[in-house]
Amino acid sequence: MPKIKKILSNDPDTKSADIVAENIESLKTLFPDAFEERKINFDVLRQLLGGAVDKKDEKYGLNWHGKRKARQLALTPSTGTLLPYPDESVDWDTTQNLMIEGDNLEVLKLLQKSYAGKVKLIYIDPPYNTGKDFVYPDDFQDSIKNYLSLTGQIDEGGQKASSNSESSGRFHTDWLNMMYPRIKAARNLLSDDGVLFMSIDDNEVDSLKKLCSEIFGEENFIAIISVLVNPRGRHLDKFVAKTNDYLMIFARNATNLNAVVGMEKEGAMIDEYREEDERGKYRELGLRNRNQAFNPQTRPKLYYPLYANPTTGRVALERTLEFSEEVLPITPDGIQTCWTWGKDKVASENALLGAKQAGDGTWRIFRKDYLLGENGELASTLVKSVWAEKEFNNDYGRKSVKDLFGEAIMDFPKAPALMERILSIGSGESDIVLDFFAGSGTTGHAVYSSSLAGNGQRRFILVQLPEPTRRQKDNGSWEESAAYKAGYSTIAEITKERLRRAAKTLKQSNDDVQADLGFRVYKLAPSNIVAWVPEPSDLEGTLLANAEHLLPGRTEQDVLYELLLKLGLDLCVPIEKKDIAGKAVYAIGGGALIVCLADGLTKDSVEIVANGIVAWWKALAPAGETRIVFKDSSFVDDVAKANMAAILNQNGILDVRSL
């Protein structure tokens, strides 16, 4: 007889992605000989790798106390969930943007199944570890409980969230233990052309680069950009007044040329395009490589003659009566260099080449560099390693927050123009952008502005810890920030309010708003599914006490969104609701998932509900297989459950489960 598979608290479907298990499976696919009775034989693996595995404990790299635990913490699945809060959201039914309140490590784990490989740009502005930043300990045993305790949502003996003081003796260690698992978990979310931008200052720039080199690979380091954030300099600095912060960039795959694109040209750069033909304005760029290190000895395939037509200025690879003037890549003083193009490119892009004769009678080969691309896009230029634009300094960040809130309630918010620059070079028009140290929400604000400016419709995922804006000092007194005095008890409250105010302001200044200026709010919480913790002395009693597998007080909507996470569906996927025989049934993602959490499914009502579900499923006609989920306690007995499975299986729905 058909059965409905139970989804219990220890079922893989109730947890976030198990990265360790996936890594082992990948290794098993590559090296099946290295597995004995489902375990890895490391001696065999070492032989299969040709002895490439270093047996020595001493090797180059960044090491600190707790590194192994930090690595394991990144790989441990989360048993939490994200609860939906439509009342705190804007445009819940239509928006594709997410604002998630919670410990960013746990949230990153929960996002693995739904967003792995889908995020184009991650930007973070983490604690700089100045001695005053909020750095809290991760709990290896129960991260969700640790999070609830540190944010004051449960009482665990007054555990205090504090700053990372240099006097602690673990100044760099605590910071590294916090950062390592978060960056490691975040990397899995990046697409192949994805890129990570990180703001940092002198305190941890070295550690951060070594840490990311280990996680991403040194070959995927892109650059460290110096950003002028304080033109006046910090007057309290010793010896040198610091004026800049750093922007560190790592790519998921630096061989992918879409990781970081150039900036659109503007100002004096556009004035260089003085020539014009039927295609548009262009400038002439010499085809000869000016770097004398590239010459016939180092690049023999790029040293060859080209031939110019003295009448038309056209260029050819072969000498003819028309193309009679031989031109070699030689400097005016006779030094041989080479061309920047090979023969194949000269042949395929010949229409872009031209020749001109200089006053001394020598010929020069150039290529046309057009101001506008074939699709009308403005020419771009490589990003420079120093960003000194005044719009990027911290004063503009504070002004942006003050304009929205009436006062500067955040100390060092990033300038919106800085974030817009990062968006333009690190993401495309319809990409997902993630910021898991969201702070005041500058990244979300910049995505809004970018969308209104006509630069596509990016989506954002913001994650912010509900860090208290009031802290208790060691002497028992309270330190109240400007944000707390303004009525905001946590940083996450500021994030949400800024998004609301930014959207309202942008709508007021734009008559016809087509962009998505909304966001959905989710909050980290323990799973809706109750874990069964058996009591050896009373197994029967504890089993019966766990007959209802859902936490008291949780709603159908809470369970629906946990299913989205655990089954790898987008948190903004459409959800339709239909009443079938008085029972609420939900179709998610066009019918890829159908859920019924209603109570009272008897032997008599099961047939009506099952047939109704089948009819709706056929009308939806989802691509691929469909999974149907019920609440285990919904069925009054095993006969009703078996009948439900039988009817659905007979009609082609084979994946039927119960919570």
# chains A, B, ... in the order shown; residues from 1 in each chain; ligands from 1
>>> residues_around(residues="Asp206 of chain A", least_positions_apart="3", cutoff="12 Å", atoms="only C-alpha atoms", output="ChimeraX atom specification")
/A:61-62,128,172,176,200-203,209-213,224,246,248
>>> write_last_selection(atoms="all heavy atoms", output="compact mmCIF listing (two decimals), in the first residue's frame")
# COMPACT_ATOMS: atom_id res chain seq x y z
N GLY A 61 50.59 30.04 5.55
CA GLY A 61 49.17 30.31 5.64
C GLY A 61 48.84 31.10 6.90
O GLY A 61 49.71 31.41 7.71
N LEU A 62 47.57 31.41 7.06
CA LEU A 62 47.09 32.16 8.21
C LEU A 62 46.51 31.18 9.23
O LEU A 62 45.57 30.44 8.91
CB LEU A 62 46.02 33.16 7.76
CG LEU A 62 45.36 34.01 8.85
CD1 LEU A 62 46.38 34.95 9.48
CD2 LEU A 62 44.20 34.81 8.26
N TYR A 128 35.39 46.59 11.66
CA TYR A 128 36.79 46.81 11.32
C TYR A 128 37.74 46.34 12.42
O TYR A 128 38.95 46.36 12.26
CB TYR A 128 37.05 48.30 11.05
CG TYR A 128 36.53 48.78 9.72
CD1 TYR A 128 35.81 47.95 8.86
CD2 TYR A 128 36.78 50.09 9.31
CE1 TYR A 128 35.35 48.41 7.64
CE2 TYR A 128 36.32 50.56 8.08
CZ TYR A 128 35.60 49.72 7.26
OH TYR A 128 35.15 50.17 6.04
N HIS A 172 42.70 39.63 17.51
CA HIS A 172 42.58 39.19 16.13
C HIS A 172 41.88 37.84 16.03
O HIS A 172 41.11 37.59 15.10
CB HIS A 172 43.96 39.10 15.47
CG HIS A 172 44.64 40.42 15.34
ND1 HIS A 172 44.21 41.40 14.47
CD2 HIS A 172 45.72 40.94 15.97
CE1 HIS A 172 45.00 42.46 14.57
NE2 HIS A 172 45.92 42.21 15.48
N LEU A 176 38.75 36.88 13.57
CA LEU A 176 38.92 35.87 12.53
C LEU A 176 37.92 34.72 12.70
O LEU A 176 37.38 34.20 11.73
CB LEU A 176 40.35 35.33 12.55
CG LEU A 176 41.41 36.27 11.98
CD1 LEU A 176 42.81 35.80 12.37
CD2 LEU A 176 41.29 36.39 10.47
N ILE A 200 37.19 47.58 4.46
CA ILE A 200 38.03 47.26 5.61
C ILE A 200 39.04 48.39 5.81
O ILE A 200 39.24 49.21 4.91
CB ILE A 200 38.73 45.89 5.43
CG1 ILE A 200 39.20 45.31 6.76
CG2 ILE A 200 39.85 45.99 4.41
CD1 ILE A 200 38.09 44.88 7.68
N ASP A 201 39.68 48.44 6.98
CA ASP A 201 40.73 49.43 7.18
C ASP A 201 42.02 48.72 7.61
O ASP A 201 42.15 47.51 7.48
CB ASP A 201 40.30 50.52 8.17
CG ASP A 201 40.28 50.05 9.62
OD1 ASP A 201 40.49 48.84 9.86
OD2 ASP A 201 40.04 50.88 10.50
N ASP A 202 42.99 49.49 8.12
CA ASP A 202 44.32 48.94 8.40
C ASP A 202 44.32 47.83 9.43
O ASP A 202 45.20 46.96 9.42
CB ASP A 202 45.26 50.06 8.88
CG ASP A 202 45.67 50.99 7.77
OD1 ASP A 202 45.64 50.56 6.60
OD2 ASP A 202 45.99 52.16 8.05
N ASN A 203 43.38 47.82 10.36
CA ASN A 203 43.42 46.88 11.48
C ASN A 203 43.44 45.42 11.03
O ASN A 203 44.17 44.61 11.60
CB ASN A 203 42.23 47.11 12.41
CG ASN A 203 42.37 48.39 13.20
OD1 ASN A 203 43.20 48.49 14.09
ND2 ASN A 203 41.57 49.39 12.86
N LYS A 209 42.81 39.58 3.74
CA LYS A 209 43.32 39.12 2.44
C LYS A 209 43.81 37.69 2.52
O LYS A 209 43.52 36.86 1.64
CB LYS A 209 44.45 40.03 1.95
CG LYS A 209 44.93 39.69 0.53
CD LYS A 209 45.93 40.71 0.02
CE LYS A 209 46.28 40.43 -1.44
NZ LYS A 209 47.02 39.19 -1.62
N LYS A 210 44.53 37.34 3.58
CA LYS A 210 45.01 35.96 3.73
C LYS A 210 43.85 35.01 3.93
O LYS A 210 43.84 33.89 3.39
CB LYS A 210 45.98 35.88 4.91
CG LYS A 210 47.33 36.54 4.64
CD LYS A 210 48.27 36.34 5.82
CE LYS A 210 49.67 36.87 5.52
NZ LYS A 210 49.70 38.33 5.39
N LEU A 211 42.87 35.42 4.72
CA LEU A 211 41.70 34.58 4.97
C LEU A 211 40.96 34.29 3.66
O LEU A 211 40.62 33.14 3.36
CB LEU A 211 40.79 35.28 5.98
CG LEU A 211 39.55 34.54 6.48
CD1 LEU A 211 39.21 35.01 7.88
CD2 LEU A 211 38.36 34.80 5.57
N CYS A 212 40.73 35.34 2.86
CA CYS A 212 39.99 35.17 1.61
C CYS A 212 40.82 34.42 0.57
O CYS A 212 40.26 33.68 -0.25
CB CYS A 212 39.56 36.53 1.05
SG CYS A 212 38.26 37.32 2.01
N SER A 213 42.14 34.59 0.61
CA SER A 213 42.99 33.84 -0.31
C SER A 213 42.88 32.34 -0.04
O SER A 213 42.92 31.53 -0.97
CB SER A 213 44.45 34.28 -0.16
OG SER A 213 44.63 35.60 -0.63
N ILE A 224 42.90 45.53 -4.30
CA ILE A 224 42.54 46.32 -3.12
C ILE A 224 42.49 47.77 -3.57
O ILE A 224 43.51 48.33 -3.98
CB ILE A 224 43.53 46.15 -1.97
CG1 ILE A 224 43.52 44.70 -1.46
CG2 ILE A 224 43.19 47.10 -0.82
CD1 ILE A 224 44.51 44.44 -0.34
N TYR A 246 39.83 50.77 2.64
CA TYR A 246 40.13 49.88 1.53
C TYR A 246 38.88 49.15 1.07
O TYR A 246 37.95 48.90 1.85
CB TYR A 246 41.20 48.85 1.93
CG TYR A 246 42.47 49.48 2.41
CD1 TYR A 246 42.79 49.47 3.77
CD2 TYR A 246 43.35 50.09 1.53
CE1 TYR A 246 43.96 50.04 4.23
CE2 TYR A 246 44.53 50.67 1.98
CZ TYR A 246 44.83 50.65 3.33
OH TYR A 246 45.97 51.23 3.78
N MET A 248 38.38 45.64 -0.76
CA MET A 248 39.04 44.42 -1.22
C MET A 248 38.09 43.61 -2.10
O MET A 248 36.91 43.46 -1.79
CB MET A 248 39.48 43.58 -0.02
CG MET A 248 40.39 42.41 -0.37
SD MET A 248 40.90 41.49 1.11
CE MET A 248 41.78 42.75 2.02
>>> select_by_dssp(residues="segment 66-114 of chain A", states="helix (DSSP H, G or I)", output="tab-separated table (two decimals) with N, CA, C and O atoms, in the first residue's frame")
chain	number	residue	atom	x	y	z
A	67	LYS	N	40.67	28.00	14.53
A	67	LYS	CA	40.42	27.97	13.09
A	67	LYS	C	39.67	26.71	12.67
A	67	LYS	O	38.75	26.77	11.85
A	68	ARG	N	40.05	25.56	13.21
A	68	ARG	CA	39.36	24.31	12.84
A	68	ARG	C	37.89	24.36	13.23
A	68	ARG	O	37.01	23.92	12.49
A	69	LYS	N	37.64	24.91	14.41
A	69	LYS	CA	36.25	25.03	14.85
A	69	LYS	C	35.48	26.00	13.95
A	69	LYS	O	34.32	25.75	13.61
A	70	ALA	N	36.14	27.08	13.54
A	70	ALA	CA	35.49	28.05	12.66
A	70	ALA	C	35.15	27.42	11.32
A	70	ALA	O	34.09	27.66	10.75
A	71	ARG	N	36.07	26.59	10.80
A	71	ARG	CA	35.81	25.92	9.53
A	71	ARG	C	34.65	24.95	9.67
A	71	ARG	O	33.77	24.87	8.81
A	72	GLN	N	34.64	24.20	10.76
A	72	GLN	CA	33.56	23.25	10.99
A	72	GLN	C	32.23	23.96	11.18
A	72	GLN	O	31.18	23.48	10.73
A	73	LEU	N	32.27	25.12	11.82
A	73	LEU	CA	31.05	25.88	12.05
A	73	LEU	C	30.40	26.29	10.73
A	73	LEU	O	29.17	26.29	10.59
A	74	ALA	N	31.23	26.63	9.74
A	74	ALA	CA	30.70	27.02	8.43
A	74	ALA	C	30.02	25.85	7.73
A	74	ALA	O	29.11	26.04	6.93
A	75	LEU	N	30.47	24.63	8.04
A	75	LEU	CA	29.95	23.45	7.36
A	75	LEU	C	28.79	22.79	8.09
A	75	LEU	O	28.14	21.91	7.55
A	86	PRO	N	4.97	39.97	7.04
A	86	PRO	CA	4.37	40.85	6.03
A	86	PRO	C	4.05	42.24	6.55
A	86	PRO	O	4.16	43.22	5.80
A	87	ASP	N	3.65	42.35	7.82
A	87	ASP	CA	3.25	43.64	8.37
A	87	ASP	C	4.41	44.63	8.46
A	87	ASP	O	4.20	45.84	8.49
A	88	GLU	N	5.64	44.13	8.53
A	88	GLU	CA	6.81	45.01	8.59
A	88	GLU	C	7.42	45.25	7.21
A	88	GLU	O	8.44	45.93	7.09
A	104	ASN	N	23.92	36.55	10.77
A	104	ASN	CA	24.17	36.35	9.35
A	104	ASN	C	24.76	34.98	9.03
A	104	ASN	O	24.55	34.47	7.93
A	105	LEU	N	25.49	34.35	9.94
A	105	LEU	CA	26.01	33.02	9.66
A	105	LEU	C	24.89	32.01	9.50
A	105	LEU	O	24.86	31.23	8.54
A	106	GLU	N	23.94	32.02	10.44
A	106	GLU	CA	22.82	31.09	10.34
A	106	GLU	C	21.96	31.38	9.10
A	106	GLU	O	21.49	30.47	8.42
A	107	VAL	N	21.78	32.67	8.80
A	107	VAL	CA	20.99	33.03	7.62
A	107	VAL	C	21.69	32.57	6.35
A	107	VAL	O	21.06	32.02	5.44
A	108	LEU	N	23.01	32.75	6.26
A	108	LEU	CA	23.75	32.30	5.08
A	108	LEU	C	23.60	30.79	4.88
A	108	LEU	O	23.48	30.31	3.75
A	109	LYS	N	23.60	30.05	5.98
A	109	LYS	CA	23.40	28.60	5.87
A	109	LYS	C	22.00	28.28	5.35
A	109	LYS	O	21.82	27.40	4.49
A	110	LEU	N	21.01	28.99	5.85
A	110	LEU	CA	19.63	28.73	5.44
A	110	LEU	C	19.39	29.09	3.98
A	110	LEU	O	18.51	28.52	3.33
A	112	GLN	N	21.45	28.55	1.55
A	112	GLN	CA	22.27	27.74	0.66
A	112	GLN	C	21.46	27.01	-0.41
A	112	GLN	O	21.79	27.05	-1.59
A	113	LYS	N	20.39	26.33	-0.01
A	113	LYS	CA	19.64	25.54	-0.99
A	113	LYS	C	18.93	26.40	-2.02
A	113	LYS	O	18.85	26.05	-3.20
A	114	SER	N	18.42	27.54	-1.60
A	114	SER	CA	17.63	28.37	-2.50
A	114	SER	C	18.48	29.28	-3.38
A	114	SER	O	18.07	29.63	-4.49
>>> residues_around(residues="Asp431 of chain A", least_positions_apart="6", cutoff="10 Å", atoms="only C-alpha atoms", output="list in words")
Lys118, Val119, Lys120, Leu121, Gly194, Leu423, Gly456, Gln457, Arg458, Arg459 and Phe460 of chain A
>>> residues_around(residues="Thr95 of chain A", least_positions_apart="2", cutoff="8 Å", atoms="only C-alpha atoms", output="PyMOL selection string")
chain A and resi 90-93+97+516-520+572
>>> residues_around(residues="segment 314-322 of chain A", least_positions_apart="3", cutoff="10 Å", atoms="only C-alpha atoms", output="PyMOL selection string")
chain A and resi 304-311+325-327+343-344+346-347+350-356+365-366
>>> write_last_selection(atoms="C-alpha atoms", output="short mmCIF file (atom, residue, chain, number, x, y, z; two decimals), in the first residue's frame")
data_model
loop_
_atom_site.label_atom_id
_atom_site.label_comp_id
_atom_site.auth_asym_id
_atom_site.auth_seq_id
_atom_site.Cartn_x
_atom_site.Cartn_y
_atom_site.Cartn_z
CA TYR A 304 54.59 40.62 -38.60
CA PRO A 305 54.13 43.19 -41.41
CA LEU A 306 50.86 44.93 -42.21
CA TYR A 307 50.22 46.73 -45.50
CA ALA A 308 48.53 50.12 -45.91
CA ASN A 309 46.63 51.50 -48.87
CA PRO A 310 48.13 54.99 -49.30
CA THR A 311 44.95 56.25 -50.99
CA GLU A 325 53.09 50.31 -47.95
CA GLU A 326 54.71 47.83 -45.55
CA VAL A 327 54.35 48.75 -41.86
CA LYS A 343 46.68 37.95 -37.52
CA ASP A 344 43.32 36.24 -36.89
CA VAL A 346 43.30 41.62 -37.83
CA ALA A 347 41.40 39.55 -40.38
CA ASN A 350 39.71 44.57 -40.24
CA ALA A 351 36.99 47.21 -40.60
CA LEU A 352 38.20 48.82 -37.37
CA LEU A 353 41.76 49.33 -38.63
CA GLY A 354 43.21 52.33 -40.44
CA ALA A 355 46.57 53.79 -41.46
CA LYS A 356 47.95 57.32 -41.48
CA ILE A 365 48.43 51.68 -37.87
CA PHE A 366 45.53 52.45 -35.54
#
>>> select_by_dssp(residues="segment 575-634 of chain A", states="strand (DSSP E or B)", output="list in words")
Ile575, Glu576, Lys577, Lys578, Asp579, Ile580, Lys583, Ala584, Val585, Tyr586, Ala587, Ile588, Leu593, Ile594, Val595, Cys596, Leu601, Arg627, Ile628, Val629 and Phe630 of chain A
>>> closest_residue(among="A:Thr381, A:Asp435, A:Glu407, A:Asp604", to="Glu266 of chain A", atoms="only C-alpha atoms")
A:Thr381
>>> residues_around(residues="Ala254 of chain A", least_positions_apart="6", cutoff="10 Å", atoms="only C-alpha atoms", output="MDAnalysis selection string")
chainID A and resid 192:195 216:222 260
>>> atom_distance(atom1="atom CA of Ile183 of chain A", atom2="atom CA of Ser207 of chain A")
12.9 Å
>>> closest_residue(among="A:Ser481, A:Asn41, A:Thr490, A:Gln650", to="Pro468 of chain A", atoms="only C-alpha atoms")
A:Thr490
